[in-house]
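Have a look at the structure below before the remarks.
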Amino acid sequence: MAKSTVITLADWYHTPAPSAGLVPAPDATLINGLGRAVGGNAVDLTVINVLRGRRYRFRVVSISCDANYIFSIDNHNMTIIEVDGVNHSPLEVDNLQIFSGQRYSVVVHADQKVGNYWVRAKSNVGPTTFDGGLNSAILRYRGAPHADPTTTSALSNPLLETNLHPRENPGAPGGSAPADVQLNLNIAFANAQFKINNATFVPPTVPVLLQILSGARLAKDLLPAGSVYTLPPNQVVELSIPGGSVGSPVSIFPLGSFLITEAYFEINSIRSICTV
């Protein structure tokens, strides 16, 4: 049985939010809470200890605000078995791109010689190199010296999401027929505010549920204006979320349903958190 370890990836900012600008770049990548910054000290990095010959399940989670990462482990392949809580047919890769809020479970076989190997999370913003241990952690075999690795990265088999296939396939809601309701959610950023369909969410003085209990029945009667949509019961709703605005990606967490990442659901296609 593979042993399980959680690996979190996060972006870290040295400047407090009020004075960091509209879309600041992170100063460092933290892996399980530890990381190095440009011009900073060579602080200790996270060490993931393994025993040669064993298999390990690494639950890789992006808890970043903005950055996405290319995750890899030098000289080791990864077999993806779960994506965002959905079991998938095993897929072997040597690197994967992970966005805010996404989760992957990968099985790694500790089958290399005893030593230290770089665990890499290459960020798309901020420092993007691995100089001096930036964007890195350490995979350490039992018996290896306590030192930074000297391994190099040679990647050739990236994750292609179209190659992911869930183990269970209940199909898309409503089958292949068009959705009963089509709703477009256009995300934009202007005047230091995010907007969905030109509406910016402002917390109402009275919670939505209390507004309903007080007699409000239609979406147009609920506050905040433009932020509440009425959906008919027992019908299939198609959400179109173009995304691409400044400050994206934005992760959408489905509750008891599916979200479409690229197109209509087909047989045995990926089901996961949608990042736009």
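FYI, nothing fancy with the structure tokens labels: chains A, B, ... in order, residues from 1 per chain, ligands from 1 as they appear.
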Selection: 8 Å around stretch 116-119 of chain A, only C-alpha atoms, excl. self and same-chain fewer than 2 positions, as a list in words: Phe71, Ser72, Ile73, Asp74, Asn75, Val114, Ala121, Ser136, Ala137, Ile138, Leu139, Arg140, Tyr141, Ala144, Pro145, Ala147, Asp148, Pro149, Thr150, Thr151 and Thr152 of chain A
Neighbour list for A:Gln97 as a PyMOL selection string, cut-off 9 Å, only C-alpha atoms, skip fewer than 5 positions in-chain: chain A and resi 68-71+158-159
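Nearest residue to A:Arg36 among A:Leu134, A:Leu209, A:Ile48, A:Leu155 is A:Leu134, counting only C-alpha atoms.
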For stretch 221-233 of chain A, find every residue with an atom within 12 Å (counting only C-alpha atoms), except residues of its own chain fewer than 4 positions away, and show them as a PDB file with all heavy atoms, in the first residue's frame.
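Result file part-v3.pdb:
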ATOM      1  N   ASP A 180     -31.418  22.989 -20.626  1.00  0.00           N
ATOM      2  CA  ASP A 180     -32.681  23.721 -20.549  1.00  0.00           C
ATOM      3  C   ASP A 180     -32.453  25.218 -20.385  1.00  0.00           C
ATOM      4  O   ASP A 180     -33.219  26.040 -20.890  1.00  0.00           O
ATOM      5  CB  ASP A 180     -33.503  23.203 -19.362  1.00  0.00           C
ATOM      6  CG  ASP A 180     -33.831  21.727 -19.488  1.00  0.00           C
ATOM      7  OD1 ASP A 180     -34.426  21.338 -20.507  1.00  0.00           O
ATOM      8  OD2 ASP A 180     -33.467  20.965 -18.567  1.00  0.00           O
ATOM      9  N   VAL A 181     -31.397  25.556 -19.640  1.00  0.00           N
ATOM     10  CA  VAL A 181     -31.088  26.966 -19.376  1.00  0.00           C
ATOM     11  C   VAL A 181     -29.610  27.194 -19.668  1.00  0.00           C
ATOM     12  O   VAL A 181     -28.761  26.397 -19.259  1.00  0.00           O
ATOM     13  CB  VAL A 181     -31.384  27.343 -17.910  1.00  0.00           C
ATOM     14  CG1 VAL A 181     -31.005  28.797 -17.641  1.00  0.00           C
ATOM     15  CG2 VAL A 181     -32.846  27.110 -17.576  1.00  0.00           C
ATOM     16  N   GLN A 182     -29.304  28.242 -20.397  1.00  0.00           N
ATOM     17  CA  GLN A 182     -27.923  28.607 -20.692  1.00  0.00           C
ATOM     18  C   GLN A 182     -27.611  29.933 -20.016  1.00  0.00           C
ATOM     19  O   GLN A 182     -28.312  30.920 -20.229  1.00  0.00           O
ATOM     20  CB  GLN A 182     -27.688  28.697 -22.198  1.00  0.00           C
ATOM     21  CG  GLN A 182     -27.873  27.361 -22.912  1.00  0.00           C
ATOM     22  CD  GLN A 182     -27.626  27.460 -24.398  1.00  0.00           C
ATOM     23  OE1 GLN A 182     -27.632  28.546 -24.972  1.00  0.00           O
ATOM     24  NE2 GLN A 182     -27.391  26.326 -25.039  1.00  0.00           N
ATOM     25  N   LEU A 183     -26.565  29.925 -19.195  1.00  0.00           N
ATOM     26  CA  LEU A 183     -26.213  31.111 -18.416  1.00  0.00           C
ATOM     27  C   LEU A 183     -24.747  31.438 -18.639  1.00  0.00           C
ATOM     28  O   LEU A 183     -23.868  30.602 -18.390  1.00  0.00           O
ATOM     29  CB  LEU A 183     -26.484  30.868 -16.931  1.00  0.00           C
ATOM     30  CG  LEU A 183     -26.175  32.018 -15.961  1.00  0.00           C
ATOM     31  CD1 LEU A 183     -27.012  33.241 -16.294  1.00  0.00           C
ATOM     32  CD2 LEU A 183     -26.430  31.574 -14.522  1.00  0.00           C
ATOM     33  N   ASN A 184     -24.487  32.637 -19.110  1.00  0.00           N
ATOM     34  CA  ASN A 184     -23.115  33.088 -19.345  1.00  0.00           C
ATOM     35  C   ASN A 184     -22.668  33.967 -18.188  1.00  0.00           C
ATOM     36  O   ASN A 184     -23.354  34.916 -17.812  1.00  0.00           O
ATOM     37  CB  ASN A 184     -23.022  33.880 -20.649  1.00  0.00           C
ATOM     38  CG  ASN A 184     -21.595  34.292 -20.962  1.00  0.00           C
ATOM     39  OD1 ASN A 184     -20.767  33.467 -21.322  1.00  0.00           O
ATOM     40  ND2 ASN A 184     -21.300  35.580 -20.827  1.00  0.00           N
ATOM     41  N   LEU A 185     -21.515  33.649 -17.593  1.00  0.00           N
ATOM     42  CA  LEU A 185     -20.941  34.437 -16.504  1.00  0.00           C
ATOM     43  C   LEU A 185     -19.627  35.031 -17.003  1.00  0.00           C
ATOM     44  O   LEU A 185     -18.600  34.344 -17.055  1.00  0.00           O
ATOM     45  CB  LEU A 185     -20.710  33.567 -15.267  1.00  0.00           C
ATOM     46  CG  LEU A 185     -21.957  32.888 -14.672  1.00  0.00           C
ATOM     47  CD1 LEU A 185     -21.565  32.044 -13.467  1.00  0.00           C
ATOM     48  CD2 LEU A 185     -23.008  33.921 -14.285  1.00  0.00           C
ATOM     49  N   LYS A 195     -15.850  41.911 -11.620  1.00  0.00           N
ATOM     50  CA  LYS A 195     -17.270  41.962 -11.936  1.00  0.00           C
ATOM     51  C   LYS A 195     -17.677  40.684 -12.664  1.00  0.00           C
ATOM     52  O   LYS A 195     -16.899  40.124 -13.438  1.00  0.00           O
ATOM     53  CB  LYS A 195     -17.588  43.173 -12.812  1.00  0.00           C
ATOM     54  CG  LYS A 195     -17.344  44.521 -12.141  1.00  0.00           C
ATOM     55  CD  LYS A 195     -17.762  45.678 -13.035  1.00  0.00           C
ATOM     56  CE  LYS A 195     -17.564  47.012 -12.324  1.00  0.00           C
ATOM     57  NZ  LYS A 195     -18.009  48.151 -13.152  1.00  0.00           N
ATOM     58  N   ILE A 196     -18.896  40.239 -12.391  1.00  0.00           N
ATOM     59  CA  ILE A 196     -19.509  39.143 -13.139  1.00  0.00           C
ATOM     60  C   ILE A 196     -20.753  39.701 -13.803  1.00  0.00           C
ATOM     61  O   ILE A 196     -21.674  40.172 -13.123  1.00  0.00           O
ATOM     62  CB  ILE A 196     -19.853  37.956 -12.235  1.00  0.00           C
ATOM     63  CG1 ILE A 196     -18.564  37.376 -11.617  1.00  0.00           C
ATOM     64  CG2 ILE A 196     -20.601  36.880 -13.018  1.00  0.00           C
ATOM     65  CD1 ILE A 196     -18.814  36.194 -10.702  1.00  0.00           C
ATOM     66  N   ASN A 197     -20.746  39.679 -15.129  1.00  0.00           N
ATOM     67  CA  ASN A 197     -21.829  40.294 -15.905  1.00  0.00           C
ATOM     68  C   ASN A 197     -22.074  41.734 -15.457  1.00  0.00           C
ATOM     69  O   ASN A 197     -23.211  42.175 -15.240  1.00  0.00           O
ATOM     70  CB  ASN A 197     -23.112  39.473 -15.790  1.00  0.00           C
ATOM     71  CG  ASN A 197     -22.991  38.128 -16.505  1.00  0.00           C
ATOM     72  OD1 ASN A 197     -22.045  37.890 -17.232  1.00  0.00           O
ATOM     73  ND2 ASN A 197     -23.954  37.253 -16.271  1.00  0.00           N
ATOM     74  N   ASN A 198     -20.966  42.473 -15.292  1.00  0.00           N
ATOM     75  CA  ASN A 198     -20.961  43.899 -14.939  1.00  0.00           C
ATOM     76  C   ASN A 198     -21.485  44.203 -13.538  1.00  0.00           C
ATOM     77  O   ASN A 198     -21.754  45.355 -13.213  1.00  0.00           O
ATOM     78  CB  ASN A 198     -21.772  44.705 -15.964  1.00  0.00           C
ATOM     79  CG  ASN A 198     -21.115  44.716 -17.331  1.00  0.00           C
ATOM     80  OD1 ASN A 198     -19.900  44.824 -17.446  1.00  0.00           O
ATOM     81  ND2 ASN A 198     -21.925  44.574 -18.376  1.00  0.00           N
ATOM     82  N   ALA A 199     -21.614  43.178 -12.701  1.00  0.00           N
ATOM     83  CA  ALA A 199     -22.061  43.400 -11.325  1.00  0.00           C
ATOM     84  C   ALA A 199     -20.941  43.022 -10.362  1.00  0.00           C
ATOM     85  O   ALA A 199     -20.332  41.962 -10.489  1.00  0.00           O
ATOM     86  CB  ALA A 199     -23.321  42.586 -11.017  1.00  0.00           C
ATOM     87  N   THR A 200     -20.665  43.902  -9.407  1.00  0.00           N
ATOM     88  CA  THR A 200     -19.674  43.636  -8.369  1.00  0.00           C
ATOM     89  C   THR A 200     -20.394  43.248  -7.087  1.00  0.00           C
ATOM     90  O   THR A 200     -21.334  43.924  -6.661  1.00  0.00           O
ATOM     91  CB  THR A 200     -18.810  44.888  -8.113  1.00  0.00           C
ATOM     92  OG1 THR A 200     -18.072  45.190  -9.291  1.00  0.00           O
ATOM     93  CG2 THR A 200     -17.832  44.637  -6.964  1.00  0.00           C
ATOM     94  N   PHE A 201     -19.946  42.147  -6.486  1.00  0.00           N
ATOM     95  CA  PHE A 201     -20.606  41.685  -5.276  1.00  0.00           C
ATOM     96  C   PHE A 201     -20.260  42.600  -4.100  1.00  0.00           C
ATOM     97  O   PHE A 201     -19.096  42.853  -3.807  1.00  0.00           O
ATOM     98  CB  PHE A 201     -20.184  40.262  -4.932  1.00  0.00           C
ATOM     99  CG  PHE A 201     -20.843  39.723  -3.683  1.00  0.00           C
ATOM    100  CD1 PHE A 201     -22.125  39.211  -3.728  1.00  0.00           C
ATOM    101  CD2 PHE A 201     -20.180  39.758  -2.458  1.00  0.00           C
ATOM    102  CE1 PHE A 201     -22.741  38.730  -2.587  1.00  0.00           C
ATOM    103  CE2 PHE A 201     -20.782  39.285  -1.308  1.00  0.00           C
ATOM    104  CZ  PHE A 201     -22.075  38.764  -1.375  1.00  0.00           C
ATOM    105  N   VAL A 202     -21.284  43.087  -3.446  1.00  0.00           N
ATOM    106  CA  VAL A 202     -21.144  43.886  -2.229  1.00  0.00           C
ATOM    107  C   VAL A 202     -21.989  43.211  -1.155  1.00  0.00           C
ATOM    108  O   VAL A 202     -23.187  42.993  -1.361  1.00  0.00           O
ATOM    109  CB  VAL A 202     -21.618  45.335  -2.436  1.00  0.00           C
ATOM    110  CG1 VAL A 202     -21.495  46.115  -1.135  1.00  0.00           C
ATOM    111  CG2 VAL A 202     -20.823  46.009  -3.542  1.00  0.00           C
ATOM    112  N   PRO A 203     -21.390  42.804  -0.034  1.00  0.00           N
ATOM    113  CA  PRO A 203     -22.171  42.098   0.989  1.00  0.00           C
ATOM    114  C   PRO A 203     -23.409  42.889   1.378  1.00  0.00           C
ATOM    115  O   PRO A 203     -23.325  44.075   1.725  1.00  0.00           O
ATOM    116  CB  PRO A 203     -21.189  41.985   2.163  1.00  0.00           C
ATOM    117  CG  PRO A 203     -19.833  42.045   1.533  1.00  0.00           C
ATOM    118  CD  PRO A 203     -19.975  42.972   0.366  1.00  0.00           C
ATOM    119  N   PRO A 204     -24.583  42.272   1.305  1.00  0.00           N
ATOM    120  CA  PRO A 204     -25.817  42.990   1.660  1.00  0.00           C
ATOM    121  C   PRO A 204     -25.914  43.199   3.168  1.00  0.00           C
ATOM    122  O   PRO A 204     -25.349  42.447   3.958  1.00  0.00           O
ATOM    123  CB  PRO A 204     -26.922  42.055   1.163  1.00  0.00           C
ATOM    124  CG  PRO A 204     -26.291  40.693   1.229  1.00  0.00           C
ATOM    125  CD  PRO A 204     -24.830  40.889   0.892  1.00  0.00           C
ATOM    126  N   THR A 205     -26.643  44.217   3.548  1.00  0.00           N
ATOM    127  CA  THR A 205     -26.835  44.473   4.981  1.00  0.00           C
ATOM    128  C   THR A 205     -27.719  43.414   5.617  1.00  0.00           C
ATOM    129  O   THR A 205     -27.635  43.161   6.817  1.00  0.00           O
ATOM    130  CB  THR A 205     -27.456  45.865   5.182  1.00  0.00           C
ATOM    131  OG1 THR A 205     -28.671  45.944   4.420  1.00  0.00           O
ATOM    132  CG2 THR A 205     -26.502  46.953   4.710  1.00  0.00           C
ATOM    133  N   VAL A 206     -28.565  42.789   4.803  1.00  0.00           N
ATOM    134  CA  VAL A 206     -29.419  41.700   5.281  1.00  0.00           C
ATOM    135  C   VAL A 206     -29.081  40.451   4.464  1.00  0.00           C
ATOM    136  O   VAL A 206     -29.120  40.503   3.228  1.00  0.00           O
ATOM    137  CB  VAL A 206     -30.924  42.045   5.117  1.00  0.00           C
ATOM    138  CG1 VAL A 206     -31.799  40.873   5.571  1.00  0.00           C
ATOM    139  CG2 VAL A 206     -31.261  43.301   5.887  1.00  0.00           C
ATOM    140  N   PRO A 207     -28.752  39.324   5.095  1.00  0.00           N
ATOM    141  CA  PRO A 207     -28.422  38.102   4.344  1.00  0.00           C
ATOM    142  C   PRO A 207     -29.546  37.701   3.393  1.00  0.00           C
ATOM    143  O   PRO A 207     -30.733  37.967   3.656  1.00  0.00           O
ATOM    144  CB  PRO A 207     -28.232  37.061   5.446  1.00  0.00           C
ATOM    145  CG  PRO A 207     -27.867  37.842   6.658  1.00  0.00           C
ATOM    146  CD  PRO A 207     -28.620  39.129   6.549  1.00  0.00           C
ATOM    147  N   VAL A 208     -29.171  37.065   2.288  1.00  0.00           N
ATOM    148  CA  VAL A 208     -30.132  36.701   1.247  1.00  0.00           C
ATOM    149  C   VAL A 208     -31.251  35.843   1.817  1.00  0.00           C
ATOM    150  O   VAL A 208     -32.437  36.037   1.493  1.00  0.00           O
ATOM    151  CB  VAL A 208     -29.419  35.987   0.086  1.00  0.00           C
ATOM    152  CG1 VAL A 208     -30.447  35.402  -0.889  1.00  0.00           C
ATOM    153  CG2 VAL A 208     -28.502  36.957  -0.648  1.00  0.00           C
ATOM    154  N   LEU A 209     -30.921  34.870   2.674  1.00  0.00           N
ATOM    155  CA  LEU A 209     -31.949  33.999   3.224  1.00  0.00           C
ATOM    156  C   LEU A 209     -32.991  34.796   4.012  1.00  0.00           C
ATOM    157  O   LEU A 209     -34.203  34.558   3.895  1.00  0.00           O
ATOM    158  CB  LEU A 209     -31.324  32.933   4.120  1.00  0.00           C
ATOM    159  CG  LEU A 209     -32.304  31.926   4.761  1.00  0.00           C
ATOM    160  CD1 LEU A 209     -33.110  31.202   3.687  1.00  0.00           C
ATOM    161  CD2 LEU A 209     -31.545  30.929   5.630  1.00  0.00           C
ATOM    162  N   LEU A 210     -32.536  35.763   4.797  1.00  0.00           N
ATOM    163  CA  LEU A 210     -33.479  36.585   5.559  1.00  0.00           C
ATOM    164  C   LEU A 210     -34.304  37.467   4.630  1.00  0.00           C
ATOM    165  O   LEU A 210     -35.476  37.756   4.917  1.00  0.00           O
ATOM    166  CB  LEU A 210     -32.730  37.442   6.579  1.00  0.00           C
ATOM    167  CG  LEU A 210     -32.102  36.693   7.764  1.00  0.00           C
ATOM    168  CD1 LEU A 210     -31.441  37.667   8.726  1.00  0.00           C
ATOM    169  CD2 LEU A 210     -33.155  35.864   8.492  1.00  0.00           C
ATOM    170  N   GLN A 211     -33.717  37.897   3.515  1.00  0.00           N
ATOM    171  CA  GLN A 211     -34.488  38.664   2.544  1.00  0.00           C
ATOM    172  C   GLN A 211     -35.638  37.819   1.991  1.00  0.00           C
ATOM    173  O   GLN A 211     -36.778  38.304   1.834  1.00  0.00           O
ATOM    174  CB  GLN A 211     -33.587  39.127   1.394  1.00  0.00           C
ATOM    175  CG  GLN A 211     -32.509  40.122   1.786  1.00  0.00           C
ATOM    176  CD  GLN A 211     -31.640  40.502   0.594  1.00  0.00           C
ATOM    177  OE1 GLN A 211     -32.150  40.848  -0.464  1.00  0.00           O
ATOM    178  NE2 GLN A 211     -30.322  40.412   0.775  1.00  0.00           N
ATOM    179  N   ILE A 212     -35.359  36.552   1.718  1.00  0.00           N
ATOM    180  CA  ILE A 212     -36.399  35.657   1.195  1.00  0.00           C
ATOM    181  C   ILE A 212     -37.479  35.428   2.248  1.00  0.00           C
ATOM    182  O   ILE A 212     -38.681  35.472   1.954  1.00  0.00           O
ATOM    183  CB  ILE A 212     -35.772  34.326   0.739  1.00  0.00           C
ATOM    184  CG1 ILE A 212     -34.821  34.577  -0.443  1.00  0.00           C
ATOM    185  CG2 ILE A 212     -36.849  33.318   0.365  1.00  0.00           C
ATOM    186  CD1 ILE A 212     -34.039  33.358  -0.861  1.00  0.00           C
ATOM    187  N   LEU A 213     -37.051  35.204   3.494  1.00  0.00           N
ATOM    188  CA  LEU A 213     -38.021  34.989   4.569  1.00  0.00           C
ATOM    189  C   LEU A 213     -38.874  36.231   4.816  1.00  0.00           C
ATOM    190  O   LEU A 213     -39.994  36.137   5.330  1.00  0.00           O
ATOM    191  CB  LEU A 213     -37.289  34.587   5.856  1.00  0.00           C
ATOM    192  CG  LEU A 213     -36.589  33.217   5.833  1.00  0.00           C
ATOM    193  CD1 LEU A 213     -35.819  32.992   7.129  1.00  0.00           C
ATOM    194  CD2 LEU A 213     -37.612  32.102   5.617  1.00  0.00           C
ATOM    195  N   SER A 214     -38.337  37.387   4.407  1.00  0.00           N
ATOM    196  CA  SER A 214     -39.084  38.634   4.609  1.00  0.00           C
ATOM    197  C   SER A 214     -40.028  38.944   3.455  1.00  0.00           C
ATOM    198  O   SER A 214     -40.702  39.979   3.461  1.00  0.00           O
ATOM    199  CB  SER A 214     -38.105  39.802   4.799  1.00  0.00           C
ATOM    200  OG  SER A 214     -37.307  39.594   5.946  1.00  0.00           O
ATOM    201  N   GLY A 215     -40.034  38.075   2.440  1.00  0.00           N
ATOM    202  CA  GLY A 215     -41.006  38.262   1.370  1.00  0.00           C
ATOM    203  C   GLY A 215     -40.444  38.427  -0.022  1.00  0.00           C
ATOM    204  O   GLY A 215     -41.205  38.398  -0.996  1.00  0.00           O
ATOM    205  N   ALA A 216     -39.139  38.627  -0.180  1.00  0.00           N
ATOM    206  CA  ALA A 216     -38.565  38.762  -1.518  1.00  0.00           C
ATOM    207  C   ALA A 216     -38.648  37.423  -2.241  1.00  0.00           C
ATOM    208  O   ALA A 216     -38.320  36.382  -1.686  1.00  0.00           O
ATOM    209  CB  ALA A 216     -37.118  39.227  -1.422  1.00  0.00           C
ATOM    210  N   ARG A 217     -39.078  37.415  -3.487  1.00  0.00           N
ATOM    211  CA  ARG A 217     -39.281  36.178  -4.211  1.00  0.00           C
ATOM    212  C   ARG A 217     -38.511  36.102  -5.532  1.00  0.00           C
ATOM    213  O   ARG A 217     -38.230  35.031  -6.029  1.00  0.00           O
ATOM    214  CB  ARG A 217     -40.777  35.982  -4.492  1.00  0.00           C
ATOM    215  CG  ARG A 217     -41.594  35.656  -3.252  1.00  0.00           C
ATOM    216  CD  ARG A 217     -41.231  34.284  -2.709  1.00  0.00           C
ATOM    217  NE  ARG A 217     -42.012  33.928  -1.528  1.00  0.00           N
ATOM    218  CZ  ARG A 217     -41.589  34.126  -0.272  1.00  0.00           C
ATOM    219  NH1 ARG A 217     -40.406  34.699  -0.076  1.00  0.00           N
ATOM    220  NH2 ARG A 217     -42.333  33.771   0.747  1.00  0.00           N
ATOM    221  N   VAL A 237     -28.755  23.138 -16.293  1.00  0.00           N
ATOM    222  CA  VAL A 237     -28.255  24.494 -16.505  1.00  0.00           C
ATOM    223  C   VAL A 237     -26.835  24.423 -17.057  1.00  0.00           C
ATOM    224  O   VAL A 237     -25.969  23.766 -16.475  1.00  0.00           O
ATOM    225  CB  VAL A 237     -28.270  25.301 -15.194  1.00  0.00           C
ATOM    226  CG1 VAL A 237     -27.714  26.706 -15.432  1.00  0.00           C
ATOM    227  CG2 VAL A 237     -29.682  25.376 -14.618  1.00  0.00           C
ATOM    228  N   GLU A 238     -26.615  25.068 -18.165  1.00  0.00           N
ATOM    229  CA  GLU A 238     -25.272  25.139 -18.754  1.00  0.00           C
ATOM    230  C   GLU A 238     -24.646  26.481 -18.389  1.00  0.00           C
ATOM    231  O   GLU A 238     -25.173  27.540 -18.738  1.00  0.00           O
ATOM    232  CB  GLU A 238     -25.331  25.005 -20.272  1.00  0.00           C
ATOM    233  CG  GLU A 238     -23.959  25.167 -20.937  1.00  0.00           C
ATOM    234  CD  GLU A 238     -24.047  25.174 -22.459  1.00  0.00           C
ATOM    235  OE1 GLU A 238     -24.946  24.502 -22.998  1.00  0.00           O
ATOM    236  OE2 GLU A 238     -23.232  25.873 -23.095  1.00  0.00           O
ATOM    237  N   LEU A 239     -23.510  26.431 -17.662  1.00  0.00           N
ATOM    238  CA  LEU A 239     -22.783  27.636 -17.295  1.00  0.00           C
ATOM    239  C   LEU A 239     -21.619  27.832 -18.259  1.00  0.00           C
ATOM    240  O   LEU A 239     -20.788  26.943 -18.421  1.00  0.00           O
ATOM    241  CB  LEU A 239     -22.247  27.529 -15.867  1.00  0.00           C
ATOM    242  CG  LEU A 239     -23.276  27.464 -14.733  1.00  0.00           C
ATOM    243  CD1 LEU A 239     -22.553  27.367 -13.391  1.00  0.00           C
ATOM    244  CD2 LEU A 239     -24.186  28.682 -14.753  1.00  0.00           C
TER     245      LEU A 239
END
In stretch 11-176 of chain A, DSSP strand (DSSP E) residues written as a ChimeraX atom specification: /A:11-12,28-31,47-50,55-62,69-73,78-83,86-93,96-98,103-109,116-123,136-141
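Using only C-alpha atoms, the shortest contact distance between A:Gln112 and any of A:Leu51, A:Thr129, A:Glu82, A:Val60 is found at A:Leu51.
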Do you have, as a tab-separated table, the list of residues of stretch 93-194 of chain A lying at most 12 Å from stretch 10-24 of chain A, each with its nearest atom pair and that distance in Å to one decimal, counting only C-alpha atoms and ordered by chain then number?
residue	atom	partner	partner_atom	distance
A:Ile98	CA	A:Ala10	CA	11.2
A:Phe99	CA	A:Ala10	CA	10.4
A:Ser100	CA	A:Ala10	CA	8.8
A:Gly101	CA	A:Ala10	CA	10.4
A:Gln102	CA	A:Ala10	CA	11.9
A:Ala121	CA	A:Ala10	CA	9.6
A:Lys122	CA	A:Asp11	CA	11.1
A:Ser123	CA	A:Asp11	CA	8.6
A:Asn124	CA	A:Asp11	CA	10.7
A:Val125	CA	A:Asp11	CA	9.3
A:Gly126	CA	A:Pro24	CA	8.8
A:Pro127	CA	A:Asp11	CA	10.4
A:Thr128	CA	A:Asp11	CA	11.8
A:Leu134	CA	A:Asp11	CA	11.9
A:Asn135	CA	A:Asp11	CA	9.6
A:Ser136	CA	A:Ala10	CA	11.5
A:Phe189	CA	A:Leu22	CA	10.2
A:Ala190	CA	A:Leu22	CA	10.3
A:Asn191	CA	A:Leu22	CA	9.6
A:Ala192	CA	A:Leu22	CA	6.6
A:Gln193	CA	A:Leu22	CA	9.3
A:Phe194	CA	A:Leu22	CA	11.1
Stretch 19-174 of chain A: residues DSSP assigns to helix (DSSP H, G or I), reported as a PyMOL selection string: chain A and resi 19+131-133+161-163
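If only C-alpha atoms are the atoms counted, then among A:Phe130, A:Arg142, A:Ala25, A:Glu92 the closest residue to A:Val47 is A:Arg142.
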Atom pair atom CA of A:Gly53 / atom CA of A:Leu91: separation (Å): 20.3 Å
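Remark: for A:His109, the closest of the candidate residues A:Phe58, A:Asn169, A:Leu30, A:Ile187 is A:Phe58 (distances computed over only C-alpha atoms).
Atom CA of A:Ala177 is positioned 26.2 Å from atom CA of A:Asp84.
Using only C-alpha atoms, the nearest neighbour of A:Ala37 within the list A:Gly133, A:Pro178, A:Pro166, A:Gly143 is A:Gly133.
What separates atom CA of A:Asn163 from atom CA of A:Gly85 is a distance of 17.1 Å.
Among the candidates A:Asp27, A:Glu161, A:Asn186, A:Ile241, the residue lying nearest to A:His88 is A:Glu161 (atoms considered: only C-alpha atoms).
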Nearby residues (only C-alpha atoms) at most 10 Å from A:Glu168, same-chain spacing under 6 positions excluded, as a list in words: Val86, Asn87, His88, Ser89 and Asn268 of chain A
Nearby residues (only C-alpha atoms) at most 8 Å from A:Thr79, same-chain spacing under 2 positions excluded, as a compact mmCIF listing (two decimals) with N, CA, C and O atoms, in the first residue's frame:
# COMPACT_ATOMS: atom_id res chain seq x y z
N ASN A 77 8.89 9.50 -12.16
CA ASN A 77 7.59 9.65 -12.80
C ASN A 77 6.50 9.68 -11.74
O ASN A 77 6.71 9.26 -10.60
N ILE A 81 -3.85 9.26 -10.05
CA ILE A 81 -4.94 8.32 -9.77
C ILE A 81 -6.22 9.03 -9.32
O ILE A 81 -7.26 8.40 -9.25
N PRO A 90 -5.28 5.19 -13.95
CA PRO A 90 -3.89 5.61 -13.78
C PRO A 90 -3.31 6.22 -15.05
O PRO A 90 -3.50 5.68 -16.15
N LEU A 91 -2.62 7.33 -14.89
CA LEU A 91 -1.98 8.01 -16.01
C LEU A 91 -0.59 8.45 -15.57
O LEU A 91 -0.45 9.24 -14.64
N GLU A 92 0.42 7.95 -16.23
CA GLU A 92 1.80 8.26 -15.85
C GLU A 92 2.29 9.51 -16.59
O GLU A 92 2.15 9.63 -17.81
N VAL A 93 2.85 10.44 -15.83
CA VAL A 93 3.42 11.67 -16.37
C VAL A 93 4.71 11.96 -15.62
O VAL A 93 5.01 11.33 -14.60
N VAL A 106 -1.03 11.61 -6.80
CA VAL A 106 -0.09 10.91 -7.67
C VAL A 106 0.63 9.84 -6.86
O VAL A 106 0.90 10.02 -5.67
N VAL A 107 0.93 8.73 -7.50
CA VAL A 107 1.72 7.67 -6.87
C VAL A 107 3.13 7.75 -7.43
O VAL A 107 3.34 7.76 -8.65
N VAL A 108 4.09 7.83 -6.52
CA VAL A 108 5.51 7.91 -6.89
C VAL A 108 6.23 6.70 -6.31
O VAL A 108 6.10 6.42 -5.11
